[in-house]
>>> print(open('query_5.cif').read())   # mmCIF, C-alpha atoms
data_my_file
loop_
_atom_site.label_atom_id
_atom_site.label_comp_id
_atom_site.auth_asym_id
_atom_site.auth_seq_id
_atom_site.Cartn_x
_atom_site.Cartn_y
_atom_site.Cartn_z
CA MET A 1 -20.13 14.74 -2.37
CA ASN A 2 -18.33 14.30 -5.68
CA ARG A 3 -19.57 12.12 -8.49
CA THR A 4 -17.27 9.13 -8.04
CA PRO A 5 -19.22 6.13 -9.41
CA ARG A 6 -19.09 4.11 -6.21
CA THR A 7 -21.30 1.21 -7.28
CA LEU A 8 -19.35 0.83 -10.52
CA ASN A 9 -16.07 0.92 -8.56
CA ARG A 10 -17.26 -1.85 -6.29
CA ILE A 11 -18.62 -4.02 -9.11
CA LEU A 12 -15.45 -3.75 -11.19
CA LEU A 13 -13.16 -4.22 -8.19
CA GLY A 14 -15.15 -7.30 -7.19
CA LEU A 15 -14.95 -8.77 -10.71
CA ILE A 16 -11.23 -8.17 -11.02
CA GLY A 17 -10.68 -9.49 -7.51
CA LEU A 18 -12.55 -12.69 -8.38
CA ILE A 19 -10.53 -13.13 -11.60
CA LEU A 20 -7.24 -12.69 -9.71
CA ILE A 21 -8.43 -15.05 -6.97
CA GLY A 22 -9.21 -17.61 -9.69
CA ILE A 23 -5.79 -17.32 -11.37
CA GLY A 24 -3.82 -17.26 -8.12
CA GLY A 25 -5.87 -20.03 -6.54
CA GLY A 26 -5.44 -22.16 -9.68
CA LEU A 27 -1.66 -21.72 -9.66
CA LEU A 28 -1.54 -22.54 -5.97
CA TRP A 29 -3.72 -25.59 -6.44
CA LEU A 30 -1.50 -26.87 -9.29
CA THR A 31 1.62 -26.62 -7.15
CA LEU A 32 0.09 -28.15 -4.03
CA ASP A 33 -2.09 -30.95 -5.38
CA SER A 34 -0.46 -33.55 -7.67
CA GLY A 35 -3.87 -34.88 -8.72
CA ALA A 36 -4.86 -31.45 -10.01
CA ALA A 37 -1.48 -31.15 -11.76
CA SER A 38 -1.90 -34.40 -13.66
CA ARG A 39 -5.46 -33.48 -14.61
CA TRP A 40 -4.23 -30.11 -15.90
CA GLN A 41 -1.50 -31.78 -17.90
CA ARG A 42 -4.05 -34.08 -19.52
CA PHE A 43 -6.48 -31.26 -20.20
CA ALA A 44 -4.20 -28.39 -21.27
CA PRO A 45 -2.42 -29.90 -24.33
CA GLU A 46 -5.81 -30.85 -25.77
CA MET A 47 -7.03 -27.29 -25.25
CA LEU A 48 -3.83 -25.92 -26.77
CA GLU A 49 -4.28 -28.13 -29.82
CA ARG A 50 -7.82 -26.87 -30.24
CA ILE A 51 -6.66 -23.24 -30.01
CA ARG A 52 -3.93 -23.92 -32.56
CA ALA A 53 -6.48 -25.49 -34.93
CA PHE A 54 -8.75 -22.49 -34.42
CA GLY A 55 -5.83 -20.17 -35.26
CA ALA A 56 -5.14 -22.15 -38.45
CA ASP A 57 -8.83 -22.08 -39.44
CA THR A 58 -9.06 -18.33 -39.04
CA THR A 59 -5.98 -17.53 -41.11
CA LEU A 60 -6.87 -15.15 -43.88
CA PRO A 61 -6.19 -16.47 -47.37
CA GLY A 62 -2.82 -15.22 -48.64
CA GLN A 63 -1.58 -14.32 -45.14
CA SER A 64 0.37 -16.19 -42.53
CA GLN A 65 -1.44 -14.94 -39.45
CA SER A 66 -4.93 -15.40 -38.03
CA TRP A 67 -7.32 -12.45 -37.98
CA VAL A 68 -7.93 -13.21 -34.31
CA TRP A 69 -4.79 -11.18 -33.58
CA VAL A 70 -6.28 -8.14 -35.31
CA LEU A 71 -9.46 -8.64 -33.30
CA LEU A 72 -7.37 -8.87 -30.12
CA VAL A 73 -5.63 -5.59 -31.02
CA PHE A 74 -8.99 -3.84 -31.29
CA CYS A 75 -10.25 -5.45 -28.09
CA MET A 76 -7.19 -4.22 -26.21
CA LEU A 77 -7.59 -0.71 -27.62
CA ALA A 78 -11.23 -0.69 -26.50
CA ALA A 79 -10.25 -2.03 -23.07
CA ILE A 80 -7.63 0.72 -22.63
CA VAL A 81 -10.15 3.40 -23.61
CA LEU A 82 -12.70 1.99 -21.13
CA LEU A 83 -10.09 1.85 -18.36
CA VAL A 84 -9.10 5.47 -18.98
CA LEU A 85 -12.79 6.46 -18.89
CA TRP A 86 -13.19 4.61 -15.59
CA ALA A 87 -10.22 6.46 -14.11
CA ALA A 88 -11.51 9.80 -15.43
CA ALA A 89 -14.90 9.23 -13.78
CA GLN A 90 -13.37 9.33 -10.28
CA GLY A 91 -13.94 12.40 -8.17
CA ARG A 92 -15.68 14.65 -10.67
CA GLY A 93 -18.53 16.97 -9.85
CA ARG A 94 -17.01 20.35 -8.96
CA THR A 95 -18.88 23.16 -10.56
CA GLY A 96 -18.64 26.94 -10.67
CA THR A 97 -22.34 27.81 -10.66
CA LEU A 98 -24.49 27.71 -7.55
CA VAL A 99 -27.82 28.74 -9.05
CA SER A 100 -28.81 29.08 -12.68
CA GLU A 101 -32.45 29.80 -13.36
CA TYR A 102 -34.77 31.15 -15.97
CA ASP A 103 -38.17 32.34 -14.89
CA ASP A 104 -40.67 33.34 -17.45
CA ASP A 105 -41.48 36.80 -16.13
CA GLY A 106 -40.99 38.63 -19.41
CA ALA A 107 -37.46 39.81 -18.78
CA PRO A 108 -34.90 38.28 -21.14
CA GLY A 109 -31.99 36.11 -20.00
CA ARG A 110 -31.10 33.71 -17.23
CA VAL A 111 -30.04 34.49 -13.70
CA ALA A 112 -26.90 32.69 -12.58
CA VAL A 113 -25.12 32.98 -9.24
CA SER A 114 -21.51 31.92 -9.21
CA GLY A 115 -20.38 29.45 -6.57
CA ALA A 116 -17.70 31.96 -5.60
CA VAL A 117 -20.39 34.15 -3.98
CA ALA A 118 -21.25 31.50 -1.41
CA GLU A 119 -17.68 30.26 -1.15
CA GLN A 120 -16.13 33.61 -0.32
CA ALA A 121 -18.95 34.84 1.90
CA LEU A 122 -19.02 31.65 3.99
CA ARG A 123 -15.25 31.35 4.22
CA ALA A 124 -14.80 34.93 5.35
CA ALA A 125 -17.58 34.58 7.94
CA LEU A 126 -16.31 31.24 9.23
CA GLN A 127 -12.83 32.52 9.78
CA GLU A 128 -14.15 35.03 12.31
CA ASP A 129 -15.04 32.10 14.59
CA PRO A 130 -12.14 31.65 17.01
CA ALA A 131 -12.76 27.88 17.13
CA VAL A 132 -12.13 27.57 13.39
CA ALA A 133 -8.52 27.19 12.30
CA ALA A 134 -9.22 26.98 8.58
CA ALA A 135 -12.27 26.75 6.36
CA ALA A 136 -12.80 25.92 2.71
CA VAL A 137 -16.02 26.02 0.73
CA SER A 138 -16.60 24.47 -2.67
CA THR A 139 -19.59 23.97 -4.94
CA TYR A 140 -20.53 20.57 -6.33
CA ASP A 141 -23.09 19.33 -8.76
CA VAL A 142 -25.00 16.50 -7.05
CA ARG A 143 -27.44 14.78 -9.40
CA GLY A 144 -28.42 17.86 -11.29
CA SER A 145 -28.71 20.25 -8.37
CA SER A 146 -25.91 22.19 -6.79
CA ALA A 147 -24.63 21.58 -3.30
CA LEU A 148 -22.14 23.33 -1.04
CA ARG A 149 -19.35 21.54 0.76
CA ILE A 150 -18.11 23.42 3.80
CA ARG A 151 -14.90 21.98 5.13
CA ILE A 152 -13.81 23.19 8.56
CA ASN A 153 -10.59 22.46 10.41
CA PRO A 154 -11.34 23.27 14.03
CA ARG A 155 -8.77 24.27 16.61
CA GLN A 156 -7.73 21.50 18.93
CA GLY A 157 -10.38 20.74 21.52
CA ALA A 158 -13.13 22.81 19.93
CA ALA A 159 -16.62 21.36 20.38
CA PRO A 160 -17.90 20.14 17.00
CA HIS A 161 -21.57 20.80 17.75
CA LEU A 162 -20.88 24.48 18.45
CA ILE A 163 -18.95 24.82 15.18
CA ALA A 164 -21.76 23.04 13.32
CA ALA A 165 -24.37 25.33 14.89
CA ASP A 166 -22.32 28.39 13.94
CA ALA A 167 -21.91 27.17 10.36
CA THR A 168 -25.62 26.32 10.15
CA ARG A 169 -26.49 29.90 11.15
CA LEU A 170 -24.27 31.21 8.37
CA VAL A 171 -25.84 28.82 5.86
CA GLU A 172 -29.31 29.98 6.88
CA ALA A 173 -28.24 33.59 6.38
CA LEU A 174 -26.97 32.64 2.93
CA ASP A 175 -30.30 30.90 2.20
CA ALA A 176 -32.10 34.11 3.07
CA ALA A 177 -29.80 36.16 0.84
CA LEU A 178 -30.01 33.77 -2.12
CA GLY A 179 -33.67 32.82 -1.84
CA ARG A 180 -32.65 29.23 -2.62
CA GLU A 181 -31.69 26.34 -0.36
CA PRO A 182 -28.92 24.27 -1.91
CA ALA A 183 -27.97 21.01 -0.20
CA VAL A 184 -25.14 21.66 2.26
CA LEU A 185 -22.47 19.42 3.71
CA ILE A 186 -20.62 20.67 6.78
CA SER A 187 -17.56 18.47 7.12
CA ILE A 188 -15.56 19.01 10.30
CA ASP A 189 -12.17 17.47 9.51
CA ALA A 190 -9.15 16.96 11.69
CA GLY A 191 -6.90 17.97 8.81
CA ARG A 192 -3.16 17.68 8.75
CA ARG A 193 -2.60 20.68 10.95
CA LEU A 194 -4.29 19.09 13.93
CA ARG A 195 -2.92 15.64 13.35
CA PHE A 196 0.78 16.44 13.31
CA ASN A 197 1.14 19.39 15.60
CA ARG A 198 3.00 19.19 18.86
CA GLU A 199 1.47 20.05 22.15
CA ASP A 200 0.44 23.67 22.44
CA ARG A 201 2.37 25.55 25.10
CA VAL A 202 -0.12 28.31 25.78
CA ARG A 203 -3.68 27.39 26.54
CA MET B 1 -35.75 15.45 -4.65
CA SER B 2 -36.22 16.86 -1.18
CA ASN B 3 -33.36 18.22 0.84
CA ASP B 4 -33.83 15.51 3.49
CA VAL B 5 -33.23 12.67 1.05
CA ARG B 6 -30.22 14.43 -0.43
CA THR B 7 -28.83 15.11 3.03
CA ARG B 8 -29.08 11.43 3.90
CA GLN B 9 -27.37 10.46 0.66
CA ILE B 10 -24.58 12.96 1.26
CA VAL B 11 -24.05 11.67 4.82
CA SER B 12 -23.84 8.06 3.70
CA ARG B 13 -21.37 8.98 0.96
CA GLU B 14 -19.24 10.98 3.39
CA THR B 15 -19.09 8.26 6.03
CA HIS B 16 -18.12 5.49 3.58
CA ALA B 17 -14.99 5.17 1.46
CA SER B 18 -15.37 5.60 -2.30
CA ARG B 19 -12.77 2.99 -3.32
CA ALA B 20 -11.30 5.47 -5.78
CA VAL B 21 -7.69 4.60 -4.87
CA ALA B 22 -8.13 0.85 -5.38
CA SER B 23 -9.92 1.58 -8.64
CA LEU B 24 -7.03 3.71 -9.88
CA VAL B 25 -4.56 0.96 -8.94
CA VAL B 26 -6.63 -1.53 -10.95
CA VAL B 27 -6.82 0.91 -13.87
CA ILE B 28 -3.04 1.39 -13.95
CA LEU B 29 -2.34 -2.36 -13.71
CA GLY B 30 -5.00 -3.05 -16.33
CA ILE B 31 -3.59 -0.47 -18.75
CA VAL B 32 -0.06 -1.90 -18.39
CA PHE B 33 -1.36 -5.42 -19.04
CA CYS B 34 -3.51 -4.31 -21.99
CA LEU B 35 -0.62 -2.35 -23.54
CA TYR B 36 1.62 -5.41 -23.36
CA VAL B 37 -1.02 -7.69 -24.91
CA LEU B 38 -1.68 -5.02 -27.52
CA LEU B 39 2.00 -4.90 -28.48
CA GLU B 40 2.35 -8.67 -28.74
CA ALA B 41 -0.93 -8.98 -30.66
CA THR B 42 0.16 -6.28 -33.11
CA LEU B 43 3.48 -8.05 -33.70
CA GLN B 44 1.64 -11.31 -34.30
CA ALA B 45 -0.89 -9.69 -36.61
CA LEU B 46 1.94 -8.19 -38.67
CA GLY B 47 3.77 -11.52 -38.75
CA GLN B 48 6.78 -10.16 -36.83
CA ASP B 49 8.78 -11.90 -34.13
CA ALA B 50 7.42 -11.69 -30.59
CA TRP B 51 8.93 -9.09 -28.20
CA LEU B 52 9.14 -10.95 -24.89
CA THR B 53 7.19 -14.19 -25.25
CA ASP B 54 5.94 -16.02 -28.30
CA PRO B 55 2.23 -16.79 -27.63
CA ALA B 56 2.60 -20.37 -28.93
CA ALA B 57 5.59 -21.00 -26.68
CA LEU B 58 3.76 -19.41 -23.75
CA GLY B 59 0.79 -21.69 -24.34
CA ALA B 60 3.01 -24.76 -24.48
CA TRP B 61 4.81 -23.69 -21.28
CA LEU B 62 1.50 -23.14 -19.49
CA SER B 63 0.19 -26.53 -20.55
CA ARG B 64 3.23 -28.28 -19.02
CA LEU B 65 2.89 -26.65 -15.58
CA PRO B 66 3.83 -27.35 -12.84
CA GLU B 67 6.74 -29.64 -13.82
CA ASN B 68 8.70 -27.06 -15.83
CA ALA B 69 8.82 -24.38 -13.12
CA ASP B 70 10.26 -24.05 -9.65
CA THR B 71 7.55 -25.18 -7.22
CA ALA B 72 8.40 -22.48 -4.68
CA VAL B 73 8.31 -19.66 -7.24
CA LEU B 74 5.10 -20.93 -8.80
CA GLY B 75 3.37 -21.44 -5.45
CA LEU B 76 4.51 -18.06 -4.16
CA SER B 77 3.37 -16.18 -7.24
CA GLY B 78 0.05 -18.00 -7.06
CA LEU B 79 -0.29 -16.96 -3.44
CA LEU B 80 0.57 -13.33 -4.23
CA ILE B 81 -1.98 -13.15 -7.05
CA LEU B 82 -4.55 -14.77 -4.76
CA LEU B 83 -3.87 -12.22 -2.02
CA ALA B 84 -4.06 -9.27 -4.44
CA GLY B 85 -7.36 -10.61 -5.72
CA LEU B 86 -8.60 -11.02 -2.17
CA VAL B 87 -7.68 -7.41 -1.33
CA PHE B 88 -9.60 -6.07 -4.33
CA PHE B 89 -12.54 -8.36 -3.64
CA LEU B 90 -12.73 -7.29 0.02
CA GLN B 91 -12.55 -3.65 -1.08
CA ALA B 92 -15.63 -4.35 -3.17
CA VAL B 93 -17.55 -6.25 -0.51
CA LEU B 94 -16.72 -4.62 2.83
CA PRO B 95 -18.77 -1.55 3.83
CA GLY B 96 -15.66 0.63 4.13
CA ARG B 97 -16.82 2.86 6.96
CA ARG B 98 -14.64 5.88 7.55
CA PRO B 99 -14.01 7.05 11.13
CA ARG B 100 -16.55 9.87 10.83
CA TYR B 101 -19.79 10.56 12.63
CA SER B 102 -22.93 12.29 11.50
CA LEU B 103 -24.43 14.94 13.78
CA PRO B 104 -28.12 15.78 13.67
CA ASN B 105 -28.79 19.14 12.03
CA PRO B 106 -32.00 20.73 10.77
CA ARG B 107 -30.49 22.32 7.67
CA ALA B 108 -27.32 20.59 6.53
CA ALA B 109 -25.55 17.25 6.49
CA VAL B 110 -22.91 17.41 9.23
CA VAL B 111 -20.07 14.91 9.53
CA VAL B 112 -17.29 15.03 12.11
CA ASP B 113 -13.97 13.21 12.08
CA ALA B 114 -13.52 10.88 15.06
CA GLU B 115 -10.31 12.76 15.86
CA VAL B 116 -12.11 16.07 16.23
CA LEU B 117 -14.70 14.50 18.51
CA ALA B 118 -11.97 12.80 20.56
CA SER B 119 -10.07 16.06 20.86
CA SER B 120 -13.13 17.94 22.14
CA LEU B 121 -13.94 15.19 24.64
CA ALA B 122 -10.31 15.10 25.77
CA ARG B 123 -10.41 18.82 26.40
CA ARG B 124 -13.52 18.46 28.54
CA ALA B 125 -12.01 15.52 30.45
CA ARG B 126 -8.78 17.43 30.97
CA LEU B 127 -10.56 20.51 32.35
CA THR B 128 -12.70 18.39 34.68
CA ALA B 129 -9.82 16.29 35.96
CA GLY B 130 -7.42 19.22 36.23
CA VAL B 131 -4.57 17.57 34.35
CA THR B 132 -2.50 18.60 31.33
CA ALA B 133 -3.23 17.59 27.76
CA GLY B 134 -0.51 14.94 27.72
CA GLN B 135 -2.19 13.02 30.55
CA VAL B 136 -5.48 12.35 28.78
CA LEU B 137 -5.97 9.90 25.95
CA VAL B 138 -9.38 9.55 24.33
CA THR B 139 -10.22 6.83 21.80
CA VAL B 140 -13.50 7.15 19.95
CA GLY B 141 -15.05 3.97 18.60
CA ARG B 142 -18.43 3.17 17.09
CA THR B 143 -19.91 1.70 20.25
CA ARG B 144 -17.72 3.04 23.02
CA ILE B 145 -15.43 5.86 23.99
CA ASP B 146 -12.39 5.18 26.13
CA VAL B 147 -10.99 7.96 28.28
CA ARG B 148 -7.64 7.13 29.85
CA ILE B 149 -6.25 9.51 32.43
CA ARG B 150 -2.87 9.41 34.14
CA PRO B 151 -3.36 11.63 37.20
CA THR B 152 -0.72 13.93 38.62
CA SER B 153 0.96 12.20 41.53
CA GLY B 154 -0.74 13.06 44.82
CA ILE B 155 -3.78 14.71 43.26
CA PRO B 156 -6.68 12.24 42.96
CA VAL B 157 -8.98 12.32 39.92
CA ASP B 158 -12.71 11.84 40.40
CA GLU B 159 -13.50 9.17 37.85
CA GLU B 160 -17.27 9.57 38.10
CA ALA B 161 -17.11 13.35 37.62
CA VAL B 162 -14.99 12.93 34.49
CA ARG B 163 -17.40 10.32 33.16
CA ALA B 164 -20.39 12.60 33.78
CA ALA B 165 -18.68 15.55 32.11
CA VAL B 166 -17.62 13.56 29.03
CA THR B 167 -21.10 12.02 28.74
CA GLU B 168 -22.69 15.46 28.98
CA GLU B 169 -20.40 16.80 26.25
CA LEU B 170 -21.20 13.77 24.12
CA GLU B 171 -24.94 14.23 24.58
CA LEU B 172 -24.60 17.84 23.42
CA THR B 173 -23.24 16.60 20.08
CA GLY B 174 -26.32 14.38 19.70
CA LEU B 175 -24.57 11.35 18.24
CA SER B 176 -26.90 8.48 17.50
CA PRO B 177 -26.43 5.76 18.57
CA CYS B 178 -24.70 7.29 21.55
CA PRO B 179 -21.52 5.37 22.40
CA GLU B 180 -20.86 4.23 25.95
CA VAL B 181 -18.24 6.22 27.86
CA ARG B 182 -15.56 4.40 29.85
CA VAL B 183 -13.08 6.19 32.06
CA GLN B 184 -9.90 4.54 33.22
CA VAL B 185 -7.77 6.32 35.76
CA SER B 186 -4.27 4.90 35.76
CA PRO B 187 -3.04 3.67 39.16
CA VAL B 188 0.38 5.15 38.34
CA GLY B 189 0.64 8.92 38.64
CA VAL B 190 2.80 11.38 36.72
CA ILE B 191 5.38 13.49 38.50
CA GLY B 192 6.15 17.14 37.81
CA GLN B 193 3.19 18.18 35.71
#
>>> encode(input="query_5.cif", output="structure tokens")
Amino acid sequence: MNRTPRTLNRILLGLIGLILIGIGGGLLWLTLDSGAASRWQRFAPEMLERIRAFGADTTLPGQSQSWVWVLLVFCMLAAIVLLVLWAAAQGRGRTGTLVSEYDDDGAPGRVAVSGAVAEQALRAALQEDPAVAAAAVSTYDVRGSSALRIRINPRQGAAPHLIAADATRLVEALDAALGREPAVLISIDAGRRLRFNREDRVR
Amino acid sequence: MSNDVRTRQIVSRETHASRAVASLVVVILGIVFCLYVLLEATLQALGQDAWLTDPAALGAWLSRLPENADTAVLGLSGLLILLAGLVFFLQAVLPGRRPRYSLPNPRAAVVVDAEVLASSLARRARLTAGVTAGQVLVTVGRTRIDVRIRPTSGIPVDEEAVRAAVTEELELTGLSPCPEVRVQVSPVGVIGQ
């Protein structure tokens, strides 16, 4: 329901996983296979020498250090900013407005309906249902259009299809009142209350 | 976009994990690593002494592996890095289904936790078999539902009746594909319920 970039998450996780598999597998290979170790020891000093020569070539005139270090500093800063952006992109998408419309009928201004209208109306109505232990409603922005998430914790043993039917009736009543049909998710969760409680004594 | 398409998208998002936690772990590890490299690179760029490792010395040490390090430590750290990489890679590749089921609904996307479904089926099984809540255990899986009943000693439980009742309750929810219901009545009874 939220705007977590799932494809991006999977691509980046896969890339980083492959990089770590490469490093770890390489280390493991070096320790286990003496042939690989001797090849590495022939290859690595050559590589190191080339890097050192590259560092000497890129030294700025009048300075002792290569400018590659400055470049690395900027690369790391950019990488940190990108990582923070990636973290900030997780789980966004809550919004406060359910409907916001302008129709060109001559009257000035837009019409906006706050998400709180639907949230409070649905929550109050749901809590009248004896099968519902707790309910929470929130508004999300899903690809440019708003959607309602109705989260219901049922009482133990309650039939989910009856709860869903009850919630659907309420949503249809809301549709009639609003004149709009936002996408709706009815999520019937076990929740912590149901998971950890002890056996009820009175049934 | 029509409501049907959006409903299907919402259901598929709700029944699969988002991988947000693994992503945040990677972000934190990545930031720590980048900060360290940033610090060392800044020190090098300014011509100062290195903080923890001199890059030239590190390069030389790496090029002499594996002779200059303890084989066990090196192999173990390699294995740990490999396993961490494997965990992240599998997080990326596996479907990551959550134990939730989608119910058919004309208006909304409806998803139900497996626990809620199990609890409602257990209630039905318990009422049909005439036992207490502690004597029924229901496990909901993708292809089958196991109902395990320990009867009260001396009072037989009609296995077929329980199976019919649970199947009827399951059909009311309209799960698709409908899992197969299996009822096991334990040969050992419970005393004093």
>>> residues_around(input="query_5.cif", residues="A:Leu162", least_positions_apart="6", cutoff="12 Å", atoms="only C-alpha atoms", output="PyMOL selection string")
(chain A and resi 129-132+154+168-169+188) or (chain B and resi 103+105+110+112+117+120+169+172-174)
>>> resolve_selection(input="query_5.cif", expression="the PyMOL selection byres ((chain B) within 7 of (chain A))", output="PyMOL selection string")
chain B and resi 3+6-7+10+13-14+18-20+23-24+27+31+34+38+41-42+44-45+47+59+63-64+66+71+74-75+78-79+81-82+85-86+88-89+92+107-113+115-117+119-120+123+173
>>> resolve_selection(input="query_5.cif", expression="the PyMOL selection byres ((chain B and resi 150) around 9)", output="list in words")
Val131, Gly134, Gln135, Val136, Leu137, Arg148, Ile149, Pro151, Thr152, Ser153, Val157, Gln184, Val185, Ser186, Pro187, Val188, Gly189 and Val190 of chain B
>>> residues_near_point(input="query_5.cif", point="(-15.5, 15.6, 29.5)", cutoff="12 Å", atoms="only C-alpha atoms", output="PyMOL selection string")
(chain A and resi 157+159) or (chain B and resi 117-130+136-138+145-149+158-172+181-183)
>>> write_last_selection(input="query_5.cif", atoms="C-alpha atoms", output="JSON list (two decimals), in the frame of the given file")
[["chain", "number", "residue", "atom", "x", "y", "z"],
["A", 157, "GLY", "CA", -10.38, 20.74, 21.52],
["A", 159, "ALA", "CA", -16.62, 21.36, 20.38],
["B", 117, "LEU", "CA", -14.70, 14.50, 18.51],
["B", 118, "ALA", "CA", -11.97, 12.80, 20.56],
["B", 119, "SER", "CA", -10.07, 16.06, 20.86],
["B", 120, "SER", "CA", -13.13, 17.94, 22.14],
["B", 121, "LEU", "CA", -13.94, 15.19, 24.64],
["B", 122, "ALA", "CA", -10.31, 15.10, 25.77],
["B", 123, "ARG", "CA", -10.41, 18.82, 26.40],
["B", 124, "ARG", "CA", -13.52, 18.46, 28.54],
["B", 125, "ALA", "CA", -12.01, 15.52, 30.45],
["B", 126, "ARG", "CA", -8.78, 17.43, 30.97],
["B", 127, "LEU", "CA", -10.56, 20.51, 32.35],
["B", 128, "THR", "CA", -12.70, 18.39, 34.68],
["B", 129, "ALA", "CA", -9.82, 16.29, 35.96],
["B", 130, "GLY", "CA", -7.42, 19.22, 36.23],
["B", 136, "VAL", "CA", -5.48, 12.35, 28.78],
["B", 137, "LEU", "CA", -5.97, 9.90, 25.95],
["B", 138, "VAL", "CA", -9.38, 9.55, 24.33],
["B", 145, "ILE", "CA", -15.43, 5.86, 23.99],
["B", 146, "ASP", "CA", -12.39, 5.18, 26.13],
["B", 147, "VAL", "CA", -10.99, 7.96, 28.28],
["B", 148, "ARG", "CA", -7.64, 7.13, 29.85],
["B", 149, "ILE", "CA", -6.25, 9.51, 32.43],
["B", 158, "ASP", "CA", -12.71, 11.84, 40.40],
["B", 159, "GLU", "CA", -13.50, 9.17, 37.85],
["B", 160, "GLU", "CA", -17.27, 9.57, 38.10],
["B", 161, "ALA", "CA", -17.11, 13.35, 37.62],
["B", 162, "VAL", "CA", -14.99, 12.93, 34.49],
["B", 163, "ARG", "CA", -17.40, 10.32, 33.16],
["B", 164, "ALA", "CA", -20.39, 12.60, 33.78],
["B", 165, "ALA", "CA", -18.68, 15.55, 32.11],
["B", 166, "VAL", "CA", -17.62, 13.56, 29.03],
["B", 167, "THR", "CA", -21.10, 12.02, 28.74],
["B", 168, "GLU", "CA", -22.69, 15.46, 28.98],
["B", 169, "GLU", "CA", -20.40, 16.80, 26.25],
["B", 170, "LEU", "CA", -21.20, 13.77, 24.12],
["B", 171, "GLU", "CA", -24.94, 14.23, 24.58],
["B", 172, "LEU", "CA", -24.60, 17.84, 23.42],
["B", 181, "VAL", "CA", -18.24, 6.22, 27.86],
["B", 182, "ARG", "CA", -15.56, 4.40, 29.85],
["B", 183, "VAL", "CA", -13.08, 6.19, 32.06]]
>>> resolve_selection(input="query_5.cif", expression="the PyMOL selection byres ((chain A and resi 111) around 8)", output="PyMOL selection string")
chain A and resi 99-102+109-110+112-113
